[in-house]
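So this one's start_20.cif, mmCIF, N, CA and C atoms:
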```cif
data_run
#
loop_
_atom_site.label_atom_id
_atom_site.label_comp_id
_atom_site.auth_asym_id
_atom_site.auth_seq_id
_atom_site.Cartn_x
_atom_site.Cartn_y
_atom_site.Cartn_z
N MET A 1 53.78 -3.04 9.87
CA MET A 1 52.50 -2.57 9.38
C MET A 1 51.40 -3.28 10.19
N PRO A 2 50.36 -2.54 10.61
CA PRO A 2 49.28 -3.14 11.40
C PRO A 2 48.50 -4.21 10.61
N VAL A 3 47.93 -5.15 11.35
CA VAL A 3 47.05 -6.15 10.73
C VAL A 3 45.68 -6.08 11.41
N PHE A 4 44.66 -6.48 10.68
CA PHE A 4 43.30 -6.43 11.18
C PHE A 4 42.58 -7.72 10.84
N THR A 5 41.69 -8.13 11.70
CA THR A 5 40.79 -9.24 11.41
C THR A 5 39.48 -8.61 10.95
N ILE A 6 39.05 -8.98 9.76
CA ILE A 6 37.85 -8.40 9.16
C ILE A 6 36.81 -9.50 8.95
N GLU A 7 35.59 -9.24 9.43
CA GLU A 7 34.47 -10.16 9.19
C GLU A 7 33.58 -9.53 8.14
N THR A 8 33.30 -10.27 7.06
CA THR A 8 32.36 -9.80 6.05
C THR A 8 31.14 -10.71 6.07
N THR A 9 30.02 -10.15 5.67
CA THR A 9 28.74 -10.85 5.73
C THR A 9 27.93 -10.52 4.50
N TYR A 10 27.02 -11.41 4.15
CA TYR A 10 25.97 -11.09 3.20
C TYR A 10 24.70 -11.77 3.68
N ARG A 11 23.58 -11.21 3.32
CA ARG A 11 22.29 -11.75 3.75
C ARG A 11 21.75 -12.68 2.68
N LEU A 12 21.28 -13.84 3.14
CA LEU A 12 20.71 -14.82 2.24
C LEU A 12 19.22 -14.92 2.53
N PRO A 13 18.38 -14.42 1.61
CA PRO A 13 16.94 -14.47 1.87
C PRO A 13 16.42 -15.91 1.88
N ALA A 14 15.54 -16.16 2.80
CA ALA A 14 14.78 -17.41 2.83
C ALA A 14 13.33 -17.02 2.61
N TYR A 15 12.59 -17.84 1.90
CA TYR A 15 11.21 -17.50 1.64
C TYR A 15 10.33 -18.74 1.75
N ARG A 16 9.05 -18.49 1.88
CA ARG A 16 8.03 -19.54 1.86
C ARG A 16 6.81 -18.96 1.18
N GLN A 17 6.01 -19.82 0.63
CA GLN A 17 4.78 -19.38 -0.02
C GLN A 17 3.63 -20.15 0.61
N ARG A 18 2.72 -19.42 1.22
CA ARG A 18 1.57 -20.02 1.89
C ARG A 18 0.31 -19.24 1.52
N THR A 19 -0.82 -19.89 1.66
CA THR A 19 -2.11 -19.27 1.40
C THR A 19 -2.80 -19.00 2.72
N TYR A 20 -3.35 -17.80 2.87
CA TYR A 20 -4.04 -17.39 4.09
C TYR A 20 -5.43 -16.91 3.73
N GLU A 21 -6.42 -17.31 4.50
CA GLU A 21 -7.78 -16.83 4.31
C GLU A 21 -7.98 -15.63 5.21
N ALA A 22 -8.36 -14.49 4.61
CA ALA A 22 -8.50 -13.25 5.37
C ALA A 22 -9.46 -12.32 4.66
N GLY A 23 -10.03 -11.40 5.43
CA GLY A 23 -10.98 -10.44 4.88
C GLY A 23 -10.33 -9.32 4.08
N THR A 24 -9.08 -8.99 4.41
CA THR A 24 -8.38 -7.90 3.73
C THR A 24 -6.94 -8.30 3.47
N ILE A 25 -6.28 -7.57 2.59
CA ILE A 25 -4.87 -7.83 2.32
C ILE A 25 -4.02 -7.57 3.57
N GLU A 26 -4.39 -6.53 4.35
CA GLU A 26 -3.65 -6.24 5.58
C GLU A 26 -3.74 -7.39 6.56
N GLU A 27 -4.93 -7.96 6.70
CA GLU A 27 -5.12 -9.09 7.60
C GLU A 27 -4.33 -10.31 7.12
N ALA A 28 -4.33 -10.56 5.81
CA ALA A 28 -3.56 -11.68 5.26
C ALA A 28 -2.06 -11.48 5.49
N CYS A 29 -1.59 -10.26 5.28
CA CYS A 29 -0.17 -9.97 5.53
C CYS A 29 0.18 -10.18 7.00
N ARG A 30 -0.70 -9.73 7.89
CA ARG A 30 -0.47 -9.89 9.33
C ARG A 30 -0.40 -11.37 9.69
N LEU A 31 -1.31 -12.18 9.13
CA LEU A 31 -1.29 -13.62 9.39
C LEU A 31 0.02 -14.24 8.92
N ALA A 32 0.50 -13.82 7.74
CA ALA A 32 1.76 -14.36 7.21
C ALA A 32 2.94 -13.99 8.10
N ILE A 33 2.98 -12.75 8.57
CA ILE A 33 4.09 -12.30 9.43
C ILE A 33 4.05 -13.02 10.77
N GLU A 34 2.86 -13.27 11.30
CA GLU A 34 2.73 -13.92 12.60
C GLU A 34 2.91 -15.43 12.54
N ASP A 35 2.90 -16.01 11.34
CA ASP A 35 3.07 -17.45 11.15
C ASP A 35 4.54 -17.80 11.34
N ASP A 36 4.87 -18.54 12.41
CA ASP A 36 6.28 -18.84 12.68
C ASP A 36 6.70 -20.24 12.21
N ASP A 37 5.89 -20.91 11.43
CA ASP A 37 6.24 -22.22 10.89
C ASP A 37 6.98 -22.04 9.56
N TRP A 38 8.27 -22.30 9.58
CA TRP A 38 9.09 -22.13 8.39
C TRP A 38 9.49 -23.47 7.77
N SER A 39 8.74 -24.53 8.06
CA SER A 39 9.05 -25.81 7.41
C SER A 39 8.80 -25.64 5.91
N GLY A 40 9.68 -26.20 5.12
CA GLY A 40 9.55 -26.08 3.67
C GLY A 40 10.10 -24.79 3.11
N GLN A 41 10.85 -24.05 3.88
CA GLN A 41 11.42 -22.79 3.38
C GLN A 41 12.42 -23.06 2.26
N GLU A 42 12.65 -22.06 1.45
CA GLU A 42 13.64 -22.11 0.38
C GLU A 42 14.61 -20.95 0.55
N GLU A 43 15.87 -21.16 0.19
CA GLU A 43 16.86 -20.08 0.20
C GLU A 43 16.95 -19.53 -1.21
N ASP A 44 17.04 -18.22 -1.32
CA ASP A 44 17.08 -17.55 -2.61
C ASP A 44 18.49 -17.00 -2.86
N TYR A 45 19.37 -17.87 -3.34
CA TYR A 45 20.76 -17.48 -3.55
C TYR A 45 20.89 -16.39 -4.62
N ASP A 46 19.96 -16.36 -5.58
CA ASP A 46 20.03 -15.35 -6.64
C ASP A 46 19.74 -13.94 -6.11
N ALA A 47 19.06 -13.85 -4.97
CA ALA A 47 18.71 -12.54 -4.41
C ALA A 47 19.52 -12.22 -3.16
N SER A 48 20.65 -12.90 -2.99
CA SER A 48 21.44 -12.62 -1.80
C SER A 48 21.91 -11.17 -1.82
N GLY A 49 22.11 -10.63 -0.65
CA GLY A 49 22.47 -9.22 -0.52
C GLY A 49 23.94 -8.96 -0.81
N GLU A 50 24.26 -7.71 -0.78
CA GLU A 50 25.64 -7.28 -0.99
C GLU A 50 26.53 -7.76 0.15
N MET A 51 27.81 -7.89 -0.11
CA MET A 51 28.75 -8.19 0.94
C MET A 51 29.12 -6.88 1.64
N TYR A 52 29.21 -6.93 2.96
CA TYR A 52 29.58 -5.74 3.72
C TYR A 52 30.42 -6.17 4.91
N VAL A 53 31.11 -5.21 5.48
CA VAL A 53 31.96 -5.48 6.65
C VAL A 53 31.08 -5.46 7.89
N SER A 54 31.09 -6.55 8.64
CA SER A 54 30.27 -6.64 9.84
C SER A 54 31.10 -6.64 11.12
N GLY A 55 32.41 -6.66 11.00
CA GLY A 55 33.25 -6.58 12.18
C GLY A 55 34.70 -6.31 11.83
N VAL A 56 35.37 -5.52 12.65
CA VAL A 56 36.80 -5.23 12.47
C VAL A 56 37.45 -5.26 13.85
N TRP A 57 38.57 -5.99 13.95
CA TRP A 57 39.31 -6.08 15.21
C TRP A 57 40.79 -5.88 14.92
N PRO A 58 41.49 -5.23 15.82
CA PRO A 58 42.93 -5.06 15.61
C PRO A 58 43.64 -6.39 15.88
N GLY A 59 44.63 -6.69 15.04
CA GLY A 59 45.44 -7.89 15.26
C GLY A 59 45.01 -9.06 14.40
N GLU A 60 45.77 -10.13 14.52
CA GLU A 60 45.54 -11.33 13.72
C GLU A 60 44.65 -12.32 14.47
N ASP A 61 43.60 -12.81 13.82
CA ASP A 61 42.67 -13.80 14.40
C ASP A 61 42.13 -13.34 15.75
N THR A 62 41.64 -12.11 15.82
CA THR A 62 41.19 -11.54 17.10
C THR A 62 39.67 -11.32 17.18
N ALA A 63 38.93 -11.82 16.18
CA ALA A 63 37.48 -11.59 16.16
C ALA A 63 36.83 -12.05 17.46
N TYR A 64 36.08 -11.14 18.06
CA TYR A 64 35.30 -11.36 19.30
C TYR A 64 36.18 -11.64 20.52
N ARG A 65 37.49 -11.49 20.37
CA ARG A 65 38.39 -11.68 21.52
C ARG A 65 38.91 -10.36 22.08
N VAL A 66 38.86 -9.33 21.24
CA VAL A 66 39.26 -7.99 21.67
C VAL A 66 38.15 -7.02 21.29
N THR A 67 38.25 -5.82 21.76
CA THR A 67 37.23 -4.81 21.45
C THR A 67 37.23 -4.50 19.96
N ALA A 68 36.05 -4.55 19.37
CA ALA A 68 35.90 -4.27 17.94
C ALA A 68 36.15 -2.80 17.66
N LEU A 69 36.64 -2.53 16.48
CA LEU A 69 36.85 -1.16 16.02
C LEU A 69 35.59 -0.67 15.31
N VAL A 70 35.47 0.64 15.19
CA VAL A 70 34.33 1.22 14.47
C VAL A 70 34.54 0.98 12.98
N ILE A 71 33.49 0.47 12.33
CA ILE A 71 33.55 0.21 10.89
C ILE A 71 33.29 1.52 10.16
N PRO A 72 34.17 1.92 9.24
CA PRO A 72 33.89 3.13 8.45
C PRO A 72 32.56 2.96 7.72
N SER A 73 31.73 3.97 7.76
CA SER A 73 30.36 3.92 7.26
C SER A 73 30.25 3.36 5.85
N GLN A 74 31.16 3.71 4.96
CA GLN A 74 31.02 3.29 3.57
C GLN A 74 31.17 1.78 3.39
N PHE A 75 31.66 1.05 4.42
CA PHE A 75 31.81 -0.40 4.33
C PHE A 75 30.70 -1.15 5.06
N ALA A 76 29.78 -0.42 5.69
CA ALA A 76 28.67 -1.04 6.41
C ALA A 76 27.59 -1.45 5.41
N GLU A 77 26.63 -2.21 5.87
CA GLU A 77 25.54 -2.66 5.02
C GLU A 77 24.73 -1.46 4.53
N ALA A 78 24.47 -1.40 3.22
CA ALA A 78 23.75 -0.27 2.64
C ALA A 78 22.39 -0.07 3.30
N GLN A 79 21.68 -1.15 3.57
CA GLN A 79 20.36 -1.03 4.18
C GLN A 79 20.46 -0.36 5.55
N GLN A 80 21.47 -0.72 6.34
CA GLN A 80 21.65 -0.10 7.64
C GLN A 80 22.08 1.35 7.50
N ARG A 81 22.92 1.64 6.52
CA ARG A 81 23.33 3.03 6.28
C ARG A 81 22.11 3.88 5.94
N LYS A 82 21.21 3.33 5.12
CA LYS A 82 19.98 4.05 4.77
C LYS A 82 19.13 4.30 6.01
N ALA A 83 19.00 3.28 6.84
CA ALA A 83 18.19 3.43 8.06
C ALA A 83 18.79 4.48 8.98
N ASP A 84 20.10 4.45 9.14
CA ASP A 84 20.76 5.45 10.00
C ASP A 84 20.57 6.86 9.44
N HIS A 85 20.70 7.00 8.14
CA HIS A 85 20.54 8.32 7.52
C HIS A 85 19.09 8.77 7.57
N PHE A 86 18.18 7.82 7.44
CA PHE A 86 16.75 8.10 7.56
C PHE A 86 16.46 8.74 8.92
N ALA A 87 17.06 8.19 9.98
CA ALA A 87 16.85 8.75 11.32
C ALA A 87 17.36 10.19 11.39
N ILE A 88 18.49 10.46 10.75
CA ILE A 88 19.03 11.83 10.74
C ILE A 88 18.09 12.76 9.98
N LEU A 89 17.64 12.31 8.81
CA LEU A 89 16.73 13.14 8.01
C LEU A 89 15.42 13.39 8.73
N LEU A 90 14.92 12.39 9.46
CA LEU A 90 13.70 12.59 10.24
C LEU A 90 13.92 13.68 11.29
N GLY A 91 15.06 13.64 11.97
CA GLY A 91 15.35 14.67 12.96
C GLY A 91 15.40 16.06 12.34
N LEU A 92 16.01 16.17 11.18
CA LEU A 92 16.07 17.46 10.48
C LEU A 92 14.68 17.92 10.06
N LEU A 93 13.86 17.00 9.57
CA LEU A 93 12.50 17.35 9.17
C LEU A 93 11.70 17.86 10.36
N LYS A 94 11.90 17.25 11.52
CA LYS A 94 11.20 17.71 12.72
C LYS A 94 11.62 19.14 13.09
N ILE A 95 12.91 19.42 12.97
CA ILE A 95 13.41 20.76 13.28
C ILE A 95 12.80 21.78 12.32
N ILE A 96 12.80 21.44 11.03
CA ILE A 96 12.24 22.35 10.02
C ILE A 96 10.75 22.57 10.27
N ALA A 97 10.04 21.49 10.60
CA ALA A 97 8.59 21.61 10.83
C ALA A 97 8.32 22.52 12.03
N ARG A 98 9.10 22.36 13.09
CA ARG A 98 8.91 23.21 14.28
C ARG A 98 9.25 24.66 13.97
N ALA A 99 10.31 24.87 13.19
CA ALA A 99 10.70 26.24 12.82
C ALA A 99 9.63 26.88 11.96
N GLY A 100 9.03 26.10 11.06
CA GLY A 100 7.97 26.63 10.21
C GLY A 100 6.75 27.02 11.03
N ASP A 101 6.43 26.24 12.07
CA ASP A 101 5.30 26.56 12.94
C ASP A 101 5.55 27.88 13.68
N ALA A 102 6.79 28.08 14.10
CA ALA A 102 7.12 29.27 14.90
C ALA A 102 7.27 30.52 14.04
N ALA A 103 7.81 30.37 12.84
CA ALA A 103 8.12 31.53 12.00
C ALA A 103 6.87 32.12 11.35
N ALA A 104 6.10 31.29 10.70
CA ALA A 104 4.91 31.79 10.00
C ALA A 104 3.97 30.63 9.74
N PRO A 105 2.70 30.92 9.70
CA PRO A 105 1.78 29.81 9.42
C PRO A 105 1.99 29.27 8.01
N ALA A 106 2.29 27.99 7.92
CA ALA A 106 2.50 27.34 6.62
C ALA A 106 1.16 26.88 6.08
N SER A 107 1.15 26.50 4.83
CA SER A 107 -0.10 26.01 4.25
C SER A 107 -0.54 24.76 5.01
N GLN A 108 -1.83 24.61 5.14
CA GLN A 108 -2.39 23.49 5.89
C GLN A 108 -1.97 22.15 5.30
N SER A 109 -1.96 22.03 3.96
CA SER A 109 -1.61 20.75 3.34
C SER A 109 -0.14 20.41 3.57
N TRP A 110 0.75 21.41 3.53
CA TRP A 110 2.16 21.15 3.78
C TRP A 110 2.35 20.65 5.20
N CYS A 111 1.72 21.30 6.16
CA CYS A 111 1.84 20.89 7.55
C CYS A 111 1.32 19.47 7.75
N GLN A 112 0.20 19.15 7.13
CA GLN A 112 -0.36 17.80 7.25
C GLN A 112 0.58 16.77 6.63
N SER A 113 1.18 17.10 5.50
CA SER A 113 2.11 16.18 4.84
C SER A 113 3.34 15.94 5.70
N VAL A 114 3.87 17.01 6.29
CA VAL A 114 5.04 16.88 7.15
C VAL A 114 4.71 16.05 8.37
N GLU A 115 3.59 16.33 9.00
CA GLU A 115 3.19 15.57 10.19
C GLU A 115 2.98 14.10 9.86
N ALA A 116 2.38 13.81 8.70
CA ALA A 116 2.16 12.42 8.28
C ALA A 116 3.49 11.72 8.02
N ALA A 117 4.43 12.44 7.39
CA ALA A 117 5.74 11.86 7.11
C ALA A 117 6.49 11.58 8.41
N ILE A 118 6.41 12.49 9.36
CA ILE A 118 7.07 12.30 10.65
C ILE A 118 6.46 11.11 11.38
N ALA A 119 5.14 11.02 11.40
CA ALA A 119 4.47 9.91 12.08
C ALA A 119 4.85 8.57 11.46
N LYS A 120 4.89 8.50 10.13
CA LYS A 120 5.27 7.25 9.47
C LYS A 120 6.72 6.90 9.76
N ALA A 121 7.62 7.87 9.70
CA ALA A 121 9.03 7.63 9.98
C ALA A 121 9.23 7.13 11.40
N GLU A 122 8.52 7.74 12.34
CA GLU A 122 8.65 7.30 13.73
C GLU A 122 8.11 5.89 13.91
N ALA A 123 7.06 5.53 13.20
CA ALA A 123 6.53 4.16 13.27
C ALA A 123 7.54 3.17 12.69
N ILE A 124 8.17 3.53 11.58
CA ILE A 124 9.18 2.65 10.98
C ILE A 124 10.34 2.44 11.95
N LEU A 125 10.84 3.53 12.53
CA LEU A 125 11.94 3.41 13.48
C LEU A 125 11.56 2.59 14.70
N ALA A 126 10.31 2.65 15.12
CA ALA A 126 9.84 1.91 16.29
C ALA A 126 9.47 0.47 15.95
N GLY A 127 9.50 0.12 14.66
CA GLY A 127 9.09 -1.21 14.26
C GLY A 127 7.60 -1.43 14.38
N ALA A 128 6.83 -0.35 14.30
CA ALA A 128 5.39 -0.41 14.45
C ALA A 128 4.71 -0.30 13.09
N ARG A 129 3.41 -0.53 13.08
CA ARG A 129 2.63 -0.38 11.87
C ARG A 129 2.54 1.10 11.47
N ASP A 130 2.27 1.35 10.20
CA ASP A 130 2.07 2.72 9.74
C ASP A 130 0.87 3.31 10.48
N PRO A 131 0.92 4.60 10.79
CA PRO A 131 -0.24 5.23 11.41
C PRO A 131 -1.44 5.21 10.45
N ALA A 132 -2.61 5.20 11.01
CA ALA A 132 -3.84 5.14 10.18
C ALA A 132 -3.98 6.41 9.37
#
```
Show me the file's structure as structure tokens.
Amino acid sequence: MPVFTIETTYRLPAYRQRTYEAGTIEEACRLAIEDDDWSGQEEDYDASGEMYVSGVWPGEDTAYRVTALVIPSQFAEAQQRKADHFAILLGLLKIIARAGDAAAPASQSWCQSVEAAIAKAEAILAGARDPA
């Protein structure tokens, strides 16, 4: 019977609480994200993430020594599964939006909503700020 080396992982959140002086909440959030001083951080064991499979290799004790196998989707991290599916849904939404433009003029508000949703999704995938 085959054997496999399986690596499982969970995410352990670390947090810090700091005060920032800023004109707006967006500016304060930006200052917090750009602050790279993590002295005094705390680990939040109560909010640790789910356990998921982060690596699979054929054979015994073969992690990172042989080519990794593809992890079946249902054992991957839920957050990553959501992100991957989000990308698929965004692609489908783009196709539907283009088809709607070509087939018949849609209501102006629907088109604006779709375009706004596409722009926000593309910003999320790019790791950029939400569009204005």
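In this comparison, which uses only C-alpha atoms, the residue of A:Ala128, A:Ala22, A:Ala32, A:Met51 approaching A:Ala76 most closely is A:Met51.
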On this structure, the PyMOL selection byres (((chain A and resi 1-15 and name CA) around 12) and name CA) would catch which residues? List them as a PDB file with N, CA and C atoms, in the coordinates of the input, sorted by chain and number.
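Generated file (part07.pdb):
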```
ATOM      1  N   ARG A  16       9.050 -18.490   1.880  1.00  0.00           N
ATOM      2  CA  ARG A  16       8.030 -19.540   1.860  1.00  0.00           C
ATOM      3  C   ARG A  16       6.810 -18.960   1.180  1.00  0.00           C
ATOM      4  N   GLN A  17       6.010 -19.820   0.630  1.00  0.00           N
ATOM      5  CA  GLN A  17       4.780 -19.380  -0.020  1.00  0.00           C
ATOM      6  C   GLN A  17       3.630 -20.150   0.610  1.00  0.00           C
ATOM      7  N   ARG A  18       2.720 -19.420   1.220  1.00  0.00           N
ATOM      8  CA  ARG A  18       1.570 -20.020   1.890  1.00  0.00           C
ATOM      9  C   ARG A  18       0.310 -19.240   1.520  1.00  0.00           C
ATOM     10  N   ALA A  32       0.500 -13.820   7.740  1.00  0.00           N
ATOM     11  CA  ALA A  32       1.760 -14.360   7.210  1.00  0.00           C
ATOM     12  C   ALA A  32       2.940 -13.990   8.100  1.00  0.00           C
ATOM     13  N   ILE A  33       2.980 -12.750   8.570  1.00  0.00           N
ATOM     14  CA  ILE A  33       4.090 -12.300   9.430  1.00  0.00           C
ATOM     15  C   ILE A  33       4.050 -13.020  10.770  1.00  0.00           C
ATOM     16  N   ASP A  37       5.890 -20.910  11.430  1.00  0.00           N
ATOM     17  CA  ASP A  37       6.240 -22.220  10.890  1.00  0.00           C
ATOM     18  C   ASP A  37       6.980 -22.040   9.560  1.00  0.00           C
ATOM     19  N   TRP A  38       8.270 -22.300   9.580  1.00  0.00           N
ATOM     20  CA  TRP A  38       9.090 -22.130   8.390  1.00  0.00           C
ATOM     21  C   TRP A  38       9.490 -23.470   7.770  1.00  0.00           C
ATOM     22  N   SER A  39       8.740 -24.530   8.060  1.00  0.00           N
ATOM     23  CA  SER A  39       9.050 -25.810   7.410  1.00  0.00           C
ATOM     24  C   SER A  39       8.800 -25.640   5.910  1.00  0.00           C
ATOM     25  N   GLY A  40       9.680 -26.200   5.120  1.00  0.00           N
ATOM     26  CA  GLY A  40       9.550 -26.080   3.670  1.00  0.00           C
ATOM     27  C   GLY A  40      10.100 -24.790   3.110  1.00  0.00           C
ATOM     28  N   GLN A  41      10.850 -24.050   3.880  1.00  0.00           N
ATOM     29  CA  GLN A  41      11.420 -22.790   3.380  1.00  0.00           C
ATOM     30  C   GLN A  41      12.420 -23.060   2.260  1.00  0.00           C
ATOM     31  N   GLU A  42      12.650 -22.060   1.450  1.00  0.00           N
ATOM     32  CA  GLU A  42      13.640 -22.110   0.380  1.00  0.00           C
ATOM     33  C   GLU A  42      14.610 -20.950   0.550  1.00  0.00           C
ATOM     34  N   GLU A  43      15.870 -21.160   0.190  1.00  0.00           N
ATOM     35  CA  GLU A  43      16.860 -20.080   0.200  1.00  0.00           C
ATOM     36  C   GLU A  43      16.950 -19.530  -1.210  1.00  0.00           C
ATOM     37  N   ASP A  44      17.040 -18.220  -1.320  1.00  0.00           N
ATOM     38  CA  ASP A  44      17.080 -17.550  -2.610  1.00  0.00           C
ATOM     39  C   ASP A  44      18.490 -17.000  -2.860  1.00  0.00           C
ATOM     40  N   TYR A  45      19.370 -17.870  -3.340  1.00  0.00           N
ATOM     41  CA  TYR A  45      20.760 -17.480  -3.550  1.00  0.00           C
ATOM     42  C   TYR A  45      20.890 -16.390  -4.620  1.00  0.00           C
ATOM     43  N   ASP A  46      19.960 -16.360  -5.580  1.00  0.00           N
ATOM     44  CA  ASP A  46      20.030 -15.350  -6.640  1.00  0.00           C
ATOM     45  C   ASP A  46      19.740 -13.940  -6.110  1.00  0.00           C
ATOM     46  N   ALA A  47      19.060 -13.850  -4.970  1.00  0.00           N
ATOM     47  CA  ALA A  47      18.710 -12.540  -4.410  1.00  0.00           C
ATOM     48  C   ALA A  47      19.520 -12.220  -3.160  1.00  0.00           C
ATOM     49  N   SER A  48      20.650 -12.900  -2.990  1.00  0.00           N
ATOM     50  CA  SER A  48      21.440 -12.620  -1.800  1.00  0.00           C
ATOM     51  C   SER A  48      21.910 -11.170  -1.820  1.00  0.00           C
ATOM     52  N   GLY A  49      22.110 -10.630  -0.650  1.00  0.00           N
ATOM     53  CA  GLY A  49      22.470  -9.220  -0.520  1.00  0.00           C
ATOM     54  C   GLY A  49      23.940  -8.960  -0.810  1.00  0.00           C
ATOM     55  N   GLU A  50      24.260  -7.710  -0.780  1.00  0.00           N
ATOM     56  CA  GLU A  50      25.640  -7.280  -0.990  1.00  0.00           C
ATOM     57  C   GLU A  50      26.530  -7.760   0.150  1.00  0.00           C
ATOM     58  N   MET A  51      27.810  -7.890  -0.110  1.00  0.00           N
ATOM     59  CA  MET A  51      28.750  -8.190   0.940  1.00  0.00           C
ATOM     60  C   MET A  51      29.120  -6.880   1.640  1.00  0.00           C
ATOM     61  N   TYR A  52      29.210  -6.930   2.960  1.00  0.00           N
ATOM     62  CA  TYR A  52      29.580  -5.740   3.720  1.00  0.00           C
ATOM     63  C   TYR A  52      30.420  -6.170   4.910  1.00  0.00           C
ATOM     64  N   VAL A  53      31.110  -5.210   5.480  1.00  0.00           N
ATOM     65  CA  VAL A  53      31.960  -5.480   6.650  1.00  0.00           C
ATOM     66  C   VAL A  53      31.080  -5.460   7.890  1.00  0.00           C
ATOM     67  N   SER A  54      31.090  -6.550   8.640  1.00  0.00           N
ATOM     68  CA  SER A  54      30.270  -6.640   9.840  1.00  0.00           C
ATOM     69  C   SER A  54      31.100  -6.640  11.120  1.00  0.00           C
ATOM     70  N   GLY A  55      32.410  -6.660  11.000  1.00  0.00           N
ATOM     71  CA  GLY A  55      33.250  -6.580  12.180  1.00  0.00           C
ATOM     72  C   GLY A  55      34.700  -6.310  11.830  1.00  0.00           C
ATOM     73  N   VAL A  56      35.370  -5.520  12.650  1.00  0.00           N
ATOM     74  CA  VAL A  56      36.800  -5.230  12.470  1.00  0.00           C
ATOM     75  C   VAL A  56      37.450  -5.260  13.850  1.00  0.00           C
ATOM     76  N   TRP A  57      38.570  -5.990  13.950  1.00  0.00           N
ATOM     77  CA  TRP A  57      39.310  -6.080  15.210  1.00  0.00           C
ATOM     78  C   TRP A  57      40.790  -5.880  14.920  1.00  0.00           C
ATOM     79  N   PRO A  58      41.490  -5.230  15.820  1.00  0.00           N
ATOM     80  CA  PRO A  58      42.930  -5.060  15.610  1.00  0.00           C
ATOM     81  C   PRO A  58      43.640  -6.390  15.880  1.00  0.00           C
ATOM     82  N   GLY A  59      44.630  -6.690  15.040  1.00  0.00           N
ATOM     83  CA  GLY A  59      45.440  -7.890  15.260  1.00  0.00           C
ATOM     84  C   GLY A  59      45.010  -9.060  14.400  1.00  0.00           C
ATOM     85  N   GLU A  60      45.770 -10.130  14.520  1.00  0.00           N
ATOM     86  CA  GLU A  60      45.540 -11.330  13.720  1.00  0.00           C
ATOM     87  C   GLU A  60      44.650 -12.320  14.470  1.00  0.00           C
ATOM     88  N   ASP A  61      43.600 -12.810  13.820  1.00  0.00           N
ATOM     89  CA  ASP A  61      42.670 -13.800  14.400  1.00  0.00           C
ATOM     90  C   ASP A  61      42.130 -13.340  15.750  1.00  0.00           C
ATOM     91  N   THR A  62      41.640 -12.110  15.820  1.00  0.00           N
ATOM     92  CA  THR A  62      41.190 -11.540  17.100  1.00  0.00           C
ATOM     93  C   THR A  62      39.670 -11.320  17.180  1.00  0.00           C
ATOM     94  N   ALA A  63      38.930 -11.820  16.180  1.00  0.00           N
ATOM     95  CA  ALA A  63      37.480 -11.590  16.160  1.00  0.00           C
ATOM     96  C   ALA A  63      36.830 -12.050  17.460  1.00  0.00           C
ATOM     97  N   TYR A  64      36.080 -11.140  18.060  1.00  0.00           N
ATOM     98  CA  TYR A  64      35.300 -11.360  19.300  1.00  0.00           C
ATOM     99  C   TYR A  64      36.180 -11.640  20.520  1.00  0.00           C
ATOM    100  N   ARG A  65      37.490 -11.490  20.370  1.00  0.00           N
ATOM    101  CA  ARG A  65      38.390 -11.680  21.520  1.00  0.00           C
ATOM    102  C   ARG A  65      38.910 -10.360  22.080  1.00  0.00           C
ATOM    103  N   VAL A  66      38.860  -9.330  21.240  1.00  0.00           N
ATOM    104  CA  VAL A  66      39.260  -7.990  21.670  1.00  0.00           C
ATOM    105  C   VAL A  66      38.150  -7.020  21.290  1.00  0.00           C
ATOM    106  N   THR A  67      38.250  -5.820  21.760  1.00  0.00           N
ATOM    107  CA  THR A  67      37.230  -4.810  21.450  1.00  0.00           C
ATOM    108  C   THR A  67      37.230  -4.500  19.960  1.00  0.00           C
ATOM    109  N   ALA A  68      36.050  -4.550  19.370  1.00  0.00           N
ATOM    110  CA  ALA A  68      35.900  -4.270  17.940  1.00  0.00           C
ATOM    111  C   ALA A  68      36.150  -2.800  17.660  1.00  0.00           C
ATOM    112  N   LEU A  69      36.640  -2.530  16.480  1.00  0.00           N
ATOM    113  CA  LEU A  69      36.850  -1.160  16.020  1.00  0.00           C
ATOM    114  C   LEU A  69      35.590  -0.670  15.310  1.00  0.00           C
ATOM    115  N   VAL A  70      35.470   0.640  15.190  1.00  0.00           N
ATOM    116  CA  VAL A  70      34.330   1.220  14.470  1.00  0.00           C
ATOM    117  C   VAL A  70      34.540   0.980  12.980  1.00  0.00           C
ATOM    118  N   ILE A  71      33.490   0.470  12.330  1.00  0.00           N
ATOM    119  CA  ILE A  71      33.550   0.210  10.890  1.00  0.00           C
ATOM    120  C   ILE A  71      33.290   1.520  10.160  1.00  0.00           C
ATOM    121  N   PHE A  75      31.660   1.050   4.420  1.00  0.00           N
ATOM    122  CA  PHE A  75      31.810  -0.400   4.330  1.00  0.00           C
ATOM    123  C   PHE A  75      30.700  -1.150   5.060  1.00  0.00           C
ATOM    124  N   ALA A  76      29.780  -0.420   5.690  1.00  0.00           N
ATOM    125  CA  ALA A  76      28.670  -1.040   6.410  1.00  0.00           C
ATOM    126  C   ALA A  76      27.590  -1.450   5.410  1.00  0.00           C
ATOM    127  N   GLU A  77      26.630  -2.210   5.870  1.00  0.00           N
ATOM    128  CA  GLU A  77      25.540  -2.660   5.020  1.00  0.00           C
ATOM    129  C   GLU A  77      24.730  -1.460   4.530  1.00  0.00           C
ATOM    130  N   ALA A  78      24.470  -1.400   3.220  1.00  0.00           N
ATOM    131  CA  ALA A  78      23.750  -0.270   2.640  1.00  0.00           C
ATOM    132  C   ALA A  78      22.390  -0.070   3.300  1.00  0.00           C
ATOM    133  N   GLN A  79      21.680  -1.150   3.570  1.00  0.00           N
ATOM    134  CA  GLN A  79      20.360  -1.030   4.180  1.00  0.00           C
ATOM    135  C   GLN A  79      20.460  -0.360   5.550  1.00  0.00           C
TER     136      GLN A  79
END
```
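With atom CA of A:Glu27 on one side and atom C of A:Ala117 on the other, the separation reads 23.7 Å.
Here atom C of A:Asp130 and atom C of A:Asp36 stand 24.3 Å from one another.
Atom CA of A:Lys120 is positioned 16.2 Å from atom CA of A:Ile95.
Nearest-residue note for A:Phe86: choosing from A:Ala121, A:Cys111, A:Ala132, A:Ala99, the minimum distance belongs to A:Ala121, counting only N, CA and C atoms.
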